[in-house]
Amino acid sequence: QVQLVESGGGLVQAGGSLRLSCVVSGRPFSPYNVGWYRQVPSKERELVAAVSRLGSKSYAEFVKGRFTISRDNARNTVYLQMNNLQPEDTAVYYCKLWREESYSWGQGTQVTVSS
């Protein structure tokens with residue numbers, strides 16, 4: 001059974017940085033696309049950044065230049081380096097693993113940015 005475990009969230013002041021990690025177990029990691037999504041109450045979950053199985057990266061416009069996604073296939077881990085965090089980045093951040101019609105989610109990690 002696949003498991004995705006996020007970590008690295010927390011409380012940070014505006015302008016600060018956090019690094020999220022998501023460790024995947026129970027399934028081969030390298031053949032899958034992975035990404036980070038975020039969600040705030042009463043809103044839909046939205047894509048933040050993704051990296052394909054081939055290493056191609058994509059970002060939402062609202063994080064370009066501030067966030068960087070990376071993956072380490074040897075460690076079955078995907079990272080999200082978040083710099084210059086702003087209060088509007090406050091959300092629960094989720095890791096997603098997918099390939100074709102198959103996908104799995106992590107349990108989420110809270111990121112709170114104070115002004």
# chains A, B, ... in the order shown; residues from 1 in each chain; ligands from 1
call {"tool": "closest_atom_pairs", "arguments": {"of": "range 34-53 of chain A", "to": "range 17-23 of chain A", "cutoff": "12 Å", "atoms": "only C-alpha atoms", "output": "tab-separated table"}}
result
residue	atom	partner	partner_atom	distance
A:Val34	CA	A:Cys22	CA	9.5
A:Gly35	CA	A:Cys22	CA	9.5
A:Trp36	CA	A:Cys22	CA	9.1
A:Tyr37	CA	A:Leu20	CA	11.7
call {"tool": "select_by_dssp", "arguments": {"residues": "chain A", "states": "helix (DSSP H, G or I)", "output": "ChimeraX atom specification"}}
result
/A:61-63,87-89
call {"tool": "select_by_dssp", "arguments": {"residues": "chain A", "states": "strand (DSSP E)", "output": "number ranges by chain"}}
result
A: 3-7, 10-13, 18-25, 33-39, 46-51, 57-59, 67-72, 77-82, 91-99, 102-105, 109-114
call {"tool": "residues_around", "arguments": {"residues": "Val113 in chain A", "least_positions_apart": "4", "cutoff": "10 Å", "atoms": "only C-alpha atoms", "output": "count of residues only"}}
result
15
call {"tool": "closest_residue", "arguments": {"among": "A:Ser104, A:Glu44, A:Asn76, A:Arg71", "to": "Gln1 in chain A", "atoms": "only C-alpha atoms"}}
result
A:Ser104
call {"tool": "decode", "arguments": {"residues": "range 6-115 of chain A", "atoms": "C-alpha atoms", "output": "PDB file, in the first residue's frame"}}
result
ATOM      1  CA  GLU A   6       4.706  15.119   4.348  1.00  0.00           C
ATOM      2  CA  SER A   7       6.776  17.074   6.810  1.00  0.00           C
ATOM      3  CA  GLY A   8       8.373  20.484   7.205  1.00  0.00           C
ATOM      4  CA  GLY A   9       5.344  22.680   7.713  1.00  0.00           C
ATOM      5  CA  GLY A  10       5.065  25.178  10.516  1.00  0.00           C
ATOM      6  CA  LEU A  11       4.696  28.820  11.471  1.00  0.00           C
ATOM      7  CA  VAL A  12       6.920  31.398   9.823  1.00  0.00           C
ATOM      8  CA  GLN A  13       6.946  35.168   9.511  1.00  0.00           C
ATOM      9  CA  ALA A  14       6.322  36.870   6.195  1.00  0.00           C
ATOM     10  CA  GLY A  15       9.486  36.829   4.111  1.00  0.00           C
ATOM     11  CA  GLY A  16      10.680  33.618   5.702  1.00  0.00           C
ATOM     12  CA  SER A  17      11.343  30.188   4.229  1.00  0.00           C
ATOM     13  CA  LEU A  18      10.283  26.607   4.753  1.00  0.00           C
ATOM     14  CA  ARG A  19      11.225  23.357   3.068  1.00  0.00           C
ATOM     15  CA  LEU A  20       8.564  20.692   2.745  1.00  0.00           C
ATOM     16  CA  SER A  21       9.401  17.041   2.224  1.00  0.00           C
ATOM     17  CA  CYS A  22       7.241  14.138   1.086  1.00  0.00           C
ATOM     18  CA  VAL A  23       8.523  10.601   1.425  1.00  0.00           C
ATOM     19  CA  VAL A  24       6.819   7.922  -0.645  1.00  0.00           C
ATOM     20  CA  SER A  25       6.775   4.253   0.306  1.00  0.00           C
ATOM     21  CA  GLY A  26       5.039   1.130  -0.922  1.00  0.00           C
ATOM     22  CA  ARG A  27       5.437   1.882  -4.610  1.00  0.00           C
ATOM     23  CA  PRO A  28       8.311   2.537  -7.024  1.00  0.00           C
ATOM     24  CA  PHE A  29       8.826   6.289  -7.018  1.00  0.00           C
ATOM     25  CA  SER A  30      10.690   7.097 -10.220  1.00  0.00           C
ATOM     26  CA  PRO A  31       7.942   6.114 -12.723  1.00  0.00           C
ATOM     27  CA  TYR A  32       5.468   8.555 -11.160  1.00  0.00           C
ATOM     28  CA  ASN A  33       4.812  12.243 -11.444  1.00  0.00           C
ATOM     29  CA  VAL A  34       4.758  14.076  -8.126  1.00  0.00           C
ATOM     30  CA  GLY A  35       3.497  17.439  -7.045  1.00  0.00           C
ATOM     31  CA  TRP A  36       2.461  19.761  -4.264  1.00  0.00           C
ATOM     32  CA  TYR A  37      -1.038  21.148  -3.851  1.00  0.00           C
ATOM     33  CA  ARG A  38      -2.488  23.432  -1.223  1.00  0.00           C
ATOM     34  CA  GLN A  39      -5.909  24.062   0.215  1.00  0.00           C
ATOM     35  CA  VAL A  40      -7.533  26.617   2.467  1.00  0.00           C
ATOM     36  CA  PRO A  41     -10.961  26.169   4.062  1.00  0.00           C
ATOM     37  CA  SER A  42     -13.897  26.632   1.693  1.00  0.00           C
ATOM     38  CA  LYS A  43     -11.653  26.609  -1.369  1.00  0.00           C
ATOM     39  CA  GLU A  44     -10.668  23.886  -3.797  1.00  0.00           C
ATOM     40  CA  ARG A  45      -7.289  22.275  -3.622  1.00  0.00           C
ATOM     41  CA  GLU A  46      -4.930  23.972  -6.072  1.00  0.00           C
ATOM     42  CA  LEU A  47      -1.723  22.915  -7.761  1.00  0.00           C
ATOM     43  CA  VAL A  48       1.400  24.637  -6.490  1.00  0.00           C
ATOM     44  CA  ALA A  49       4.168  22.833  -8.342  1.00  0.00           C
ATOM     45  CA  ALA A  50       4.809  19.504 -10.043  1.00  0.00           C
ATOM     46  CA  VAL A  51       7.718  17.526 -11.389  1.00  0.00           C
ATOM     47  CA  SER A  52       7.202  14.770 -13.926  1.00  0.00           C
ATOM     48  CA  ARG A  53       8.828  11.368 -13.873  1.00  0.00           C
ATOM     49  CA  LEU A  54      11.245  12.739 -16.468  1.00  0.00           C
ATOM     50  CA  GLY A  55      12.133  15.770 -14.350  1.00  0.00           C
ATOM     51  CA  SER A  56      10.098  18.431 -16.115  1.00  0.00           C
ATOM     52  CA  LYS A  57       8.884  21.069 -13.656  1.00  0.00           C
ATOM     53  CA  SER A  58       5.852  23.311 -13.643  1.00  0.00           C
ATOM     54  CA  TYR A  59       4.672  26.006 -11.239  1.00  0.00           C
ATOM     55  CA  ALA A  60       1.553  27.963 -10.489  1.00  0.00           C
ATOM     56  CA  GLU A  61       1.917  31.616 -11.411  1.00  0.00           C
ATOM     57  CA  PHE A  62       1.515  32.727  -7.804  1.00  0.00           C
ATOM     58  CA  VAL A  63       4.691  30.885  -6.691  1.00  0.00           C
ATOM     59  CA  LYS A  64       6.986  31.398  -9.658  1.00  0.00           C
ATOM     60  CA  GLY A  65      10.322  32.787  -8.546  1.00  0.00           C
ATOM     61  CA  ARG A  66       9.656  31.951  -4.891  1.00  0.00           C
ATOM     62  CA  PHE A  67       9.124  28.178  -4.694  1.00  0.00           C
ATOM     63  CA  THR A  68      11.269  25.377  -6.104  1.00  0.00           C
ATOM     64  CA  ILE A  69      10.229  21.763  -6.469  1.00  0.00           C
ATOM     65  CA  SER A  70      12.745  18.946  -6.676  1.00  0.00           C
ATOM     66  CA  ARG A  71      12.764  15.178  -6.439  1.00  0.00           C
ATOM     67  CA  ASP A  72      15.297  12.661  -5.235  1.00  0.00           C
ATOM     68  CA  ASN A  73      14.482   9.290  -6.747  1.00  0.00           C
ATOM     69  CA  ALA A  74      17.124   7.542  -4.648  1.00  0.00           C
ATOM     70  CA  ARG A  75      15.327   8.717  -1.488  1.00  0.00           C
ATOM     71  CA  ASN A  76      11.759   8.415  -2.847  1.00  0.00           C
ATOM     72  CA  THR A  77      11.296  12.023  -1.815  1.00  0.00           C
ATOM     73  CA  VAL A  78       9.935  15.216  -3.312  1.00  0.00           C
ATOM     74  CA  TYR A  79      10.757  18.604  -1.842  1.00  0.00           C
ATOM     75  CA  LEU A  80       9.241  22.042  -1.997  1.00  0.00           C
ATOM     76  CA  GLN A  81      11.557  24.892  -1.084  1.00  0.00           C
ATOM     77  CA  MET A  82       9.425  27.913  -0.274  1.00  0.00           C
ATOM     78  CA  ASN A  83      11.095  31.319  -0.030  1.00  0.00           C
ATOM     79  CA  ASN A  84       9.696  34.779   0.599  1.00  0.00           C
ATOM     80  CA  LEU A  85       6.544  33.311   2.098  1.00  0.00           C
ATOM     81  CA  GLN A  86       3.532  35.583   2.371  1.00  0.00           C
ATOM     82  CA  PRO A  87       0.377  35.383   4.506  1.00  0.00           C
ATOM     83  CA  GLU A  88      -1.621  34.313   1.452  1.00  0.00           C
ATOM     84  CA  ASP A  89       0.550  31.190   1.264  1.00  0.00           C
ATOM     85  CA  THR A  90      -1.068  29.973   4.480  1.00  0.00           C
ATOM     86  CA  ALA A  91      -2.696  26.618   3.712  1.00  0.00           C
ATOM     87  CA  VAL A  92      -2.475  22.895   4.184  1.00  0.00           C
ATOM     88  CA  TYR A  93       0.043  21.574   1.682  1.00  0.00           C
ATOM     89  CA  TYR A  94      -0.486  18.126   0.203  1.00  0.00           C
ATOM     90  CA  CYS A  95       1.806  15.850  -1.743  1.00  0.00           C
ATOM     91  CA  LYS A  96       0.351  13.924  -4.685  1.00  0.00           C
ATOM     92  CA  LEU A  97       1.762  10.990  -6.615  1.00  0.00           C
ATOM     93  CA  TRP A  98       0.194  10.058  -9.919  1.00  0.00           C
ATOM     94  CA  ARG A  99       0.518   8.243 -13.165  1.00  0.00           C
ATOM     95  CA  GLU A 100      -2.244   7.959 -15.738  1.00  0.00           C
ATOM     96  CA  GLU A 101      -5.441   7.196 -13.770  1.00  0.00           C
ATOM     97  CA  SER A 102      -3.704   6.155 -10.565  1.00  0.00           C
ATOM     98  CA  TYR A 103      -3.013   8.698  -7.840  1.00  0.00           C
ATOM     99  CA  SER A 104      -2.410   8.950  -4.106  1.00  0.00           C
ATOM    100  CA  TRP A 105      -2.390  11.805  -1.599  1.00  0.00           C
ATOM    101  CA  GLY A 106      -0.511  12.490   1.566  1.00  0.00           C
ATOM    102  CA  GLN A 107      -2.197  13.622   4.764  1.00  0.00           C
ATOM    103  CA  GLY A 108      -1.047  17.234   4.435  1.00  0.00           C
ATOM    104  CA  THR A 109       1.142  19.582   6.429  1.00  0.00           C
ATOM    105  CA  GLN A 110       0.059  22.980   7.713  1.00  0.00           C
ATOM    106  CA  VAL A 111       1.956  26.085   6.658  1.00  0.00           C
ATOM    107  CA  THR A 112       1.077  29.302   8.459  1.00  0.00           C
ATOM    108  CA  VAL A 113       2.649  32.624   7.520  1.00  0.00           C
ATOM    109  CA  SER A 114       2.206  35.527   9.913  1.00  0.00           C
ATOM    110  CA  SER A 115       2.315  39.143   8.794  1.00  0.00           C
TER     111      SER A 115
END
